[in-house]
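Asks: entry.tsv is reproduced in full below (TSV, C-alpha atoms and all ligand atoms).
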```tsv
chain	number	residue	atom	x	y	z
L	1	MET	CA	30.48	-2.38	9.64
L	2	MET	CA	26.70	-2.38	9.63
L	3	PRO	CA	25.17	-1.31	12.98
L	4	ARG	CA	23.57	-4.08	15.03
L	5	ASP	CA	19.99	-2.73	14.66
L	6	ASN	CA	20.21	-2.80	10.88
L	7	ARG	CA	21.27	-6.42	10.92
L	8	LEU	CA	18.44	-7.27	13.31
L	9	SER	CA	15.77	-5.58	11.20
L	10	GLU	CA	17.15	-7.26	8.07
L	11	GLN	CA	17.04	-10.62	9.79
L	12	ARG	CA	13.48	-10.11	11.01
L	13	LEU	CA	12.37	-8.96	7.58
L	14	ALA	CA	13.97	-12.05	6.06
L	15	GLU	CA	12.08	-14.24	8.57
L	16	LEU	CA	8.82	-12.45	7.77
L	17	HIS	CA	9.44	-12.83	4.04
L	18	ALA	CA	9.99	-16.57	4.42
L	19	GLU	CA	6.64	-16.75	6.23
L	20	ILE	CA	4.89	-14.71	3.53
L	21	VAL	CA	6.28	-16.81	0.68
L	22	SER	CA	4.95	-20.02	2.22
L	23	CYS	CA	1.43	-18.61	2.95
L	24	ARG	CA	-1.58	-20.49	1.51
L	25	ARG	CA	-4.33	-18.81	3.50
L	26	CYS	CA	-6.52	-17.67	0.58
L	27	PRO	CA	-7.61	-20.75	-1.41
L	28	ARG	CA	-8.89	-18.79	-4.43
L	29	LEU	CA	-5.60	-16.90	-4.77
L	30	VAL	CA	-3.45	-20.00	-4.29
L	31	ARG	CA	-5.36	-21.69	-7.11
L	32	TRP	CA	-5.12	-18.64	-9.36
L	33	ARG	CA	-1.42	-17.88	-8.89
L	34	GLU	CA	-0.57	-21.50	-9.71
L	35	GLU	CA	-3.00	-21.79	-12.61
L	36	VAL	CA	-1.54	-18.65	-14.22
L	37	ALA	CA	1.89	-20.28	-14.05
L	38	ARG	CA	0.61	-23.45	-15.72
L	39	ARG	CA	-1.14	-21.54	-18.51
L	40	LYS	CA	1.64	-19.08	-19.21
L	41	PRO	CA	1.47	-17.21	-22.52
L	42	LYS	CA	3.89	-17.97	-25.38
L	43	ARG	CA	5.97	-14.88	-24.70
L	44	TYR	CA	6.87	-16.26	-21.28
L	45	ALA	CA	7.13	-19.92	-22.27
L	46	ASP	CA	10.76	-20.08	-21.04
L	47	TRP	CA	9.91	-18.68	-17.62
L	48	ASP	CA	9.63	-20.77	-14.50
L	49	TYR	CA	6.94	-18.69	-12.78
L	50	TRP	CA	7.37	-17.72	-9.13
L	51	ALA	CA	3.68	-18.53	-8.47
L	52	LYS	CA	3.93	-17.84	-4.73
L	53	PRO	CA	3.18	-14.83	-2.51
L	54	VAL	CA	5.55	-11.93	-3.26
L	55	PRO	CA	7.30	-10.35	-0.25
L	56	GLY	CA	8.32	-6.70	0.07
L	57	PHE	CA	11.57	-5.50	-1.42
L	58	GLY	CA	14.07	-2.74	-0.71
L	59	ASP	CA	16.07	-0.88	1.89
L	60	PRO	CA	15.27	-1.90	5.52
L	61	GLU	CA	16.28	1.62	6.59
L	62	ALA	CA	13.97	3.26	4.05
L	63	ARG	CA	12.24	6.54	4.78
L	64	LEU	CA	9.93	6.02	1.79
L	65	LEU	CA	7.45	3.14	1.79
L	66	VAL	CA	5.54	2.46	-1.44
L	67	VAL	CA	2.39	0.36	-1.13
L	68	GLY	CA	0.87	-1.15	-4.26
L	69	LEU	CA	-2.22	-3.28	-4.80
L	70	ALA	CA	-0.99	-6.81	-5.57
L	71	PRO	CA	1.36	-8.75	-7.86
L	72	ALA	CA	0.35	-8.80	-11.51
L	73	ALA	CA	-0.37	-12.29	-12.85
L	74	HIS	CA	2.43	-12.15	-15.44
L	75	GLY	CA	4.51	-9.52	-13.64
L	76	ALA	CA	5.55	-10.14	-10.05
L	77	ASN	CA	3.75	-13.50	-10.00
L	78	ARG	CA	6.19	-14.50	-12.75
L	79	THR	CA	9.37	-12.80	-11.53
L	80	GLY	CA	8.89	-12.99	-7.74
L	81	ARG	CA	9.71	-9.34	-7.05
L	82	MET	CA	7.29	-6.46	-6.51
L	83	PHE	CA	6.45	-4.48	-9.68
L	84	THR	CA	9.03	-6.41	-11.66
L	85	GLY	CA	8.38	-7.39	-15.26
L	86	ASP	CA	5.23	-5.43	-16.07
L	87	ARG	CA	4.16	-2.01	-17.37
L	88	SER	CA	3.24	-0.65	-13.94
L	89	GLY	CA	6.76	-1.48	-12.81
L	90	ASP	CA	8.19	0.36	-15.82
L	91	TRP	CA	6.47	3.52	-14.61
L	92	LEU	CA	7.30	3.02	-10.98
L	93	TYR	CA	11.02	2.22	-11.29
L	94	ARG	CA	11.62	4.90	-13.92
L	95	THR	CA	10.17	7.44	-11.50
L	96	LEU	CA	11.96	6.07	-8.44
L	97	HIS	CA	15.23	6.24	-10.35
L	98	ARG	CA	14.53	9.80	-11.42
L	99	PHE	CA	14.22	10.90	-7.79
L	100	GLY	CA	17.17	8.88	-6.51
L	101	PHE	CA	15.27	6.02	-4.89
L	102	ALA	CA	16.57	3.30	-7.27
L	103	ASN	CA	19.95	2.66	-8.86
L	104	ARG	CA	18.44	1.95	-12.29
L	105	PRO	CA	15.25	2.84	-14.15
L	106	GLU	CA	14.24	-0.69	-15.14
L	107	SER	CA	13.20	-3.83	-13.32
L	108	ARG	CA	13.17	-7.03	-15.35
L	109	GLN	CA	13.92	-9.96	-13.03
L	110	ARG	CA	14.97	-10.71	-9.46
L	111	ASP	CA	18.73	-10.90	-10.14
L	112	ASP	CA	19.02	-7.85	-12.42
L	113	GLY	CA	21.10	-5.80	-9.98
L	114	LEU	CA	18.35	-3.32	-9.14
L	115	ALA	CA	18.73	-1.82	-5.67
L	116	LEU	CA	16.41	0.56	-3.89
L	117	ARG	CA	17.88	3.41	-1.87
L	118	ASP	CA	15.92	4.80	1.05
L	119	CYS	CA	12.84	3.10	-0.41
L	120	TYR	CA	10.92	-0.08	0.25
L	121	ILE	CA	8.12	-1.47	-1.91
L	122	THR	CA	5.31	-3.65	-0.70
L	123	ALA	CA	1.61	-4.28	-1.42
L	124	ALA	CA	-1.80	-4.64	0.17
L	125	LEU	CA	-2.05	-8.20	-1.14
L	126	ARG	CA	0.85	-10.61	-1.81
L	127	CYS	CA	-0.81	-12.95	-4.29
L	128	ALA	CA	-2.07	-12.07	-7.75
L	129	PRO	CA	-5.89	-11.87	-7.76
L	130	PRO	CA	-8.02	-12.78	-10.82
L	131	GLN	CA	-8.72	-9.63	-12.90
L	132	ASN	CA	-6.66	-7.69	-10.33
L	133	ILE	CA	-9.70	-7.62	-8.04
L	134	PRO	CA	-9.14	-8.89	-4.51
L	135	ARG	CA	-11.98	-9.90	-2.20
L	136	PRO	CA	-12.37	-8.09	1.14
L	137	GLU	CA	-11.58	-11.24	3.12
L	138	GLU	CA	-8.37	-11.74	1.13
L	139	LEU	CA	-7.24	-8.19	1.88
L	140	GLN	CA	-8.05	-8.76	5.51
L	141	ASN	CA	-6.09	-12.03	5.56
L	142	CYS	CA	-3.04	-10.32	4.13
L	143	ARG	CA	-3.14	-7.10	6.13
L	144	ALA	CA	-1.23	-8.50	9.09
L	145	PHE	CA	1.80	-8.97	6.85
L	146	LEU	CA	1.83	-5.27	5.99
L	147	GLU	CA	1.38	-4.35	9.62
L	148	ARG	CA	4.38	-6.46	10.64
L	149	GLU	CA	6.49	-5.26	7.73
L	150	TRP	CA	5.76	-1.62	8.54
L	151	SER	CA	6.68	-2.14	12.20
L	152	LEU	CA	10.05	-3.58	11.13
L	153	LEU	CA	10.76	-0.59	8.91
L	154	GLY	CA	11.63	1.79	11.71
L	155	ASN	CA	12.58	4.85	9.63
L	156	VAL	CA	9.48	5.29	7.48
L	157	ARG	CA	8.56	8.98	7.11
L	158	VAL	CA	6.58	8.98	3.87
L	159	ILE	CA	4.14	6.41	2.51
L	160	VAL	CA	2.99	6.52	-1.11
L	161	ALA	CA	-0.22	4.52	-1.54
L	162	LEU	CA	-0.80	3.50	-5.16
L	163	GLY	CA	-4.55	3.40	-5.68
L	164	GLN	CA	-7.63	3.39	-3.55
L	165	ILE	CA	-7.23	-0.12	-2.14
L	166	ALA	CA	-3.65	0.53	-1.06
L	167	TYR	CA	-4.78	3.83	0.51
L	168	ALA	CA	-7.58	2.16	2.47
L	169	THR	CA	-5.26	-0.66	3.54
L	170	VAL	CA	-2.59	1.74	4.82
L	171	LEU	CA	-5.22	3.55	6.90
L	172	LYS	CA	-6.52	0.29	8.36
L	173	VAL	CA	-3.01	-0.77	9.28
L	174	PHE	CA	-2.34	2.68	10.75
L	175	ARG	CA	-5.43	2.41	12.95
L	176	ALA	CA	-4.39	-1.08	14.06
L	177	ARG	CA	-0.93	0.20	14.98
L	178	HIS	CA	-2.26	3.26	16.87
L	179	ALA	CA	-5.11	2.27	19.17
L	180	ARG	CA	-5.84	5.91	20.09
L	181	GLU	CA	-6.49	6.68	16.42
L	182	ALA	CA	-9.05	3.87	15.99
L	183	SER	CA	-11.98	6.28	15.54
L	184	ARG	CA	-10.12	8.97	13.57
L	185	SER	CA	-11.78	9.70	10.24
L	186	PHE	CA	-9.80	10.25	7.07
L	187	PRO	CA	-10.64	11.88	3.72
L	188	ARG	CA	-11.63	9.76	0.74
L	189	PHE	CA	-8.94	8.71	-1.69
L	190	GLN	CA	-7.91	11.38	-4.13
L	191	HIS	CA	-4.82	11.56	-6.33
L	192	GLY	CA	-2.32	13.98	-4.80
L	193	LEU	CA	-3.89	13.89	-1.34
L	194	GLU	CA	-1.35	14.53	1.41
L	195	LEU	CA	-2.20	13.40	4.91
L	196	ALA	CA	-0.17	13.79	8.11
L	197	LEU	CA	-0.72	10.46	9.84
L	198	THR	CA	1.56	11.51	12.68
L	199	PRO	CA	3.88	14.51	13.08
L	200	ARG	CA	6.61	12.34	11.52
L	201	VAL	CA	4.76	10.23	8.95
L	202	THR	CA	2.97	11.57	5.86
L	203	LEU	CA	0.74	9.58	3.54
L	204	LEU	CA	0.63	10.56	-0.15
L	205	ALA	CA	-2.13	9.11	-2.33
L	206	SER	CA	-1.56	8.42	-6.02
L	207	PHE	CA	-3.46	6.75	-8.79
L	208	HIS	CA	-1.97	3.32	-9.43
L	209	PRO	CA	0.28	3.26	-12.52
L	210	SER	CA	-1.82	0.46	-14.03
L	211	GLN	CA	-2.28	0.35	-17.79
L	212	GLN	CA	-5.93	1.18	-17.23
L	213	ASN	CA	-4.84	4.52	-15.76
L	214	THR	CA	-1.74	5.26	-17.85
L	215	PHE	CA	-3.18	4.29	-21.27
L	216	THR	CA	-6.26	6.41	-20.70
L	217	GLY	CA	-4.33	9.45	-19.48
L	218	LYS	CA	-5.99	9.34	-16.06
L	219	LEU	CA	-2.43	9.19	-14.71
L	220	THR	CA	0.26	11.06	-16.65
L	221	GLU	CA	4.01	11.02	-16.09
L	222	PRO	CA	4.05	14.60	-14.71
L	223	MET	CA	1.28	13.66	-12.25
L	224	PHE	CA	3.19	10.59	-11.11
L	225	GLU	CA	6.49	12.44	-10.89
L	226	ALA	CA	4.89	15.16	-8.75
L	227	ILE	CA	4.03	12.52	-6.15
L	228	PHE	CA	7.60	11.27	-5.90
L	229	ARG	CA	9.09	14.76	-6.07
L	230	ARG	CA	6.99	15.57	-3.01
L	231	ALA	CA	8.00	12.27	-1.38
L	232	ARG	CA	11.65	13.21	-1.90
L	233	GLU	CA	11.07	16.67	-0.36
L	234	LEU	CA	9.32	15.14	2.65
L	235	THR	CA	12.00	12.51	3.27
L	236	GLU	CA	14.55	15.33	3.36
L	237	THR	CA	12.58	17.52	5.76
L	238	GLN	CA	10.67	15.23	8.15
M	301	LIG	S1	-2.96	-13.02	-0.32
M	301	LIG	FE1	-1.71	-12.90	1.55
M	301	LIG	S2	-2.88	-14.01	3.12
M	301	LIG	FE2	-3.69	-14.63	1.10
M	301	LIG	S3	-2.55	-16.48	0.51
M	301	LIG	FE3	-1.48	-14.72	-0.39
M	301	LIG	S4	0.07	-14.17	1.14
M	301	LIG	FE4	-1.42	-15.47	2.17
```
As structure tokens - that is how I would like this structure written.
Replies:
Amino acid sequence: MMPRDNRLSEQRLAELHAEIVSCRRCPRLVRWREEVARRKPKRYADWDYWAKPVPGFGDPEARLLVVGLAPAAHGANRTGRMFTGDRSGDWLYRTLHRFGFANRPESRQRDDGLALRDCYITAALRCAPPQNIPRPEELQNCRAFLEREWSLLGNVRVIVALGQIAYATVLKVFRARHAREASRSFPRFQHGLELALTPRVTLLASFHPSQQNTFTGKLTEPMFEAIFRRARELTETQ
């Protein structure tokens, strides 16, 4: 039988997710996520787009937390699950599967049987932004959701931040969660950077597996795999 604490954290995460899904705080993003669904391309003509904020997804007892930027307009904004149905997700789930964090290497739709093991995926922003570029006030609006999600994930030991915005957001949430660290300075984002946030929690920075990075070779599969190989090592030793 599942221990009581696990059930409680699952229940609280479910309550938080219900709150996230009904959020309409950023007018520009609400308009955009719904407009994208109305003007869907031919290849997705049969899809009933999610067109709402996308909550986190994964194992409530996870030691690995992956933080992305935001849902893609025709990816998670279509399917309703983080990194599901787009090229970035292809990279991410293939790599998570390789290091034992997912039960399959692909993620196509919400009911495809994919399960994360010891891993939870979330994002700095829950609604798809136009051109994948969020405004500062939108990131600020959404940050409280990450803060609450993180506090409900009591076993997190390693955080992988995908891209500069995710990295900066994780550090802001960290400072908010640890008042004594409010003035602590941190290095600038750099792929492969490893930062001990606390003696028990390490932050790893990675380029985002966006097409802009993967098509140009800025991020290669060996580079991306090295991040998750290190994440696996750290979850086993911290
Ligand atoms: S981005 Fe976040 S705060 Fe803004 S509407 Fe979406 S869920 Fe709400």
Asks: Give me the residues of stretch 83-163 of chain L that have any atom at most 12 Å from an atom of stretch 214-219 of chain L; for each, the nearest atom pair and the distance in Å, rounded to one decimal. Use all atoms listed in the file, sort by chain and number, and format it as JSON lines.
Replies:
```
{"residue": "L:Arg87", "atom": "CA", "partner": "L:Thr214", "partner_atom": "CA", "distance": 9.4}
{"residue": "L:Ser88", "atom": "CA", "partner": "L:Thr214", "partner_atom": "CA", "distance": 8.7}
{"residue": "L:Gly89", "atom": "CA", "partner": "L:Thr214", "partner_atom": "CA", "distance": 12.0}
{"residue": "L:Asp90", "atom": "CA", "partner": "L:Thr214", "partner_atom": "CA", "distance": 11.3}
{"residue": "L:Trp91", "atom": "CA", "partner": "L:Thr214", "partner_atom": "CA", "distance": 9.0}
{"residue": "L:Leu92", "atom": "CA", "partner": "L:Thr214", "partner_atom": "CA", "distance": 11.6}
{"residue": "L:Leu162", "atom": "CA", "partner": "L:Leu219", "partner_atom": "CA", "distance": 11.2}
{"residue": "L:Gly163", "atom": "CA", "partner": "L:Leu219", "partner_atom": "CA", "distance": 10.9}
```
Asks: Env of stretch 187-203 of chain L: 12 Å cut, atoms = all atoms listed in the file, seq-sep filter 5 positions within chain, self excluded. Answer as a PyMOL selection string.
Replies: chain L and resi 63-67+150+154-175+177-178+180-181+208-209+213+218-220+222-238
Asks: Go through L:Arg94, L:Arg78, L:Arg143, L:Lys42 and flag the residue nearest ligand LIG 301 (chain M), using all atoms listed in the file for the distances.
Replies: L:Arg143
Asks: One decimal, Å: what's the distance from atom CA of L:Leu29 over to atom S3 of ligand LIG 301 (chain M), could you say?
Replies: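 So the two atoms, atom CA of L:Leu29 and atom S3 of ligand LIG 301 (chain M), lie 6.1 Å apart.
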Asks: Pick out the residues no farther than 12 Å from ligand LIG 301 (chain M), counting all atoms listed in the file, and list them as a tab-separated table (two decimals) with C-alpha atoms, in the coordinates of the input.
Replies:
```
chain	number	residue	atom	x	y	z
L	16	LEU	CA	8.82	-12.45	7.77
L	17	HIS	CA	9.44	-12.83	4.04
L	18	ALA	CA	9.99	-16.57	4.42
L	19	GLU	CA	6.64	-16.75	6.23
L	20	ILE	CA	4.89	-14.71	3.53
L	21	VAL	CA	6.28	-16.81	0.68
L	22	SER	CA	4.95	-20.02	2.22
L	23	CYS	CA	1.43	-18.61	2.95
L	24	ARG	CA	-1.58	-20.49	1.51
L	25	ARG	CA	-4.33	-18.81	3.50
L	26	CYS	CA	-6.52	-17.67	0.58
L	27	PRO	CA	-7.61	-20.75	-1.41
L	28	ARG	CA	-8.89	-18.79	-4.43
L	29	LEU	CA	-5.60	-16.90	-4.77
L	30	VAL	CA	-3.45	-20.00	-4.29
L	31	ARG	CA	-5.36	-21.69	-7.11
L	32	TRP	CA	-5.12	-18.64	-9.36
L	33	ARG	CA	-1.42	-17.88	-8.89
L	34	GLU	CA	-0.57	-21.50	-9.71
L	51	ALA	CA	3.68	-18.53	-8.47
L	52	LYS	CA	3.93	-17.84	-4.73
L	53	PRO	CA	3.18	-14.83	-2.51
L	54	VAL	CA	5.55	-11.93	-3.26
L	55	PRO	CA	7.30	-10.35	-0.25
L	56	GLY	CA	8.32	-6.70	0.07
L	69	LEU	CA	-2.22	-3.28	-4.80
L	70	ALA	CA	-0.99	-6.81	-5.57
L	71	PRO	CA	1.36	-8.75	-7.86
L	77	ASN	CA	3.75	-13.50	-10.00
L	122	THR	CA	5.31	-3.65	-0.70
L	123	ALA	CA	1.61	-4.28	-1.42
L	124	ALA	CA	-1.80	-4.64	0.17
L	125	LEU	CA	-2.05	-8.20	-1.14
L	126	ARG	CA	0.85	-10.61	-1.81
L	127	CYS	CA	-0.81	-12.95	-4.29
L	128	ALA	CA	-2.07	-12.07	-7.75
L	129	PRO	CA	-5.89	-11.87	-7.76
L	130	PRO	CA	-8.02	-12.78	-10.82
L	132	ASN	CA	-6.66	-7.69	-10.33
L	133	ILE	CA	-9.70	-7.62	-8.04
L	134	PRO	CA	-9.14	-8.89	-4.51
L	135	ARG	CA	-11.98	-9.90	-2.20
L	136	PRO	CA	-12.37	-8.09	1.14
L	137	GLU	CA	-11.58	-11.24	3.12
L	138	GLU	CA	-8.37	-11.74	1.13
L	139	LEU	CA	-7.24	-8.19	1.88
L	140	GLN	CA	-8.05	-8.76	5.51
L	141	ASN	CA	-6.09	-12.03	5.56
L	142	CYS	CA	-3.04	-10.32	4.13
L	143	ARG	CA	-3.14	-7.10	6.13
L	144	ALA	CA	-1.23	-8.50	9.09
L	145	PHE	CA	1.80	-8.97	6.85
L	146	LEU	CA	1.83	-5.27	5.99
```
Asks: Have a look at atom CA of L:Arg39 and atom CA of L:Ser107 and let me know their distance in Å, one decimal.
Replies: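 Going from atom CA of L:Arg39 over to atom CA of L:Ser107 covers 23.4 Å.
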Asks: With all atoms listed in the file as the atoms that count, which of L:Ala45, L:Gly75, L:Tyr93, L:Glu15 lies nearest to L:Pro105?
Replies: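 Once distances to L:Pro105 are computed over all atoms listed in the file, the minimum belongs to L:Tyr93.
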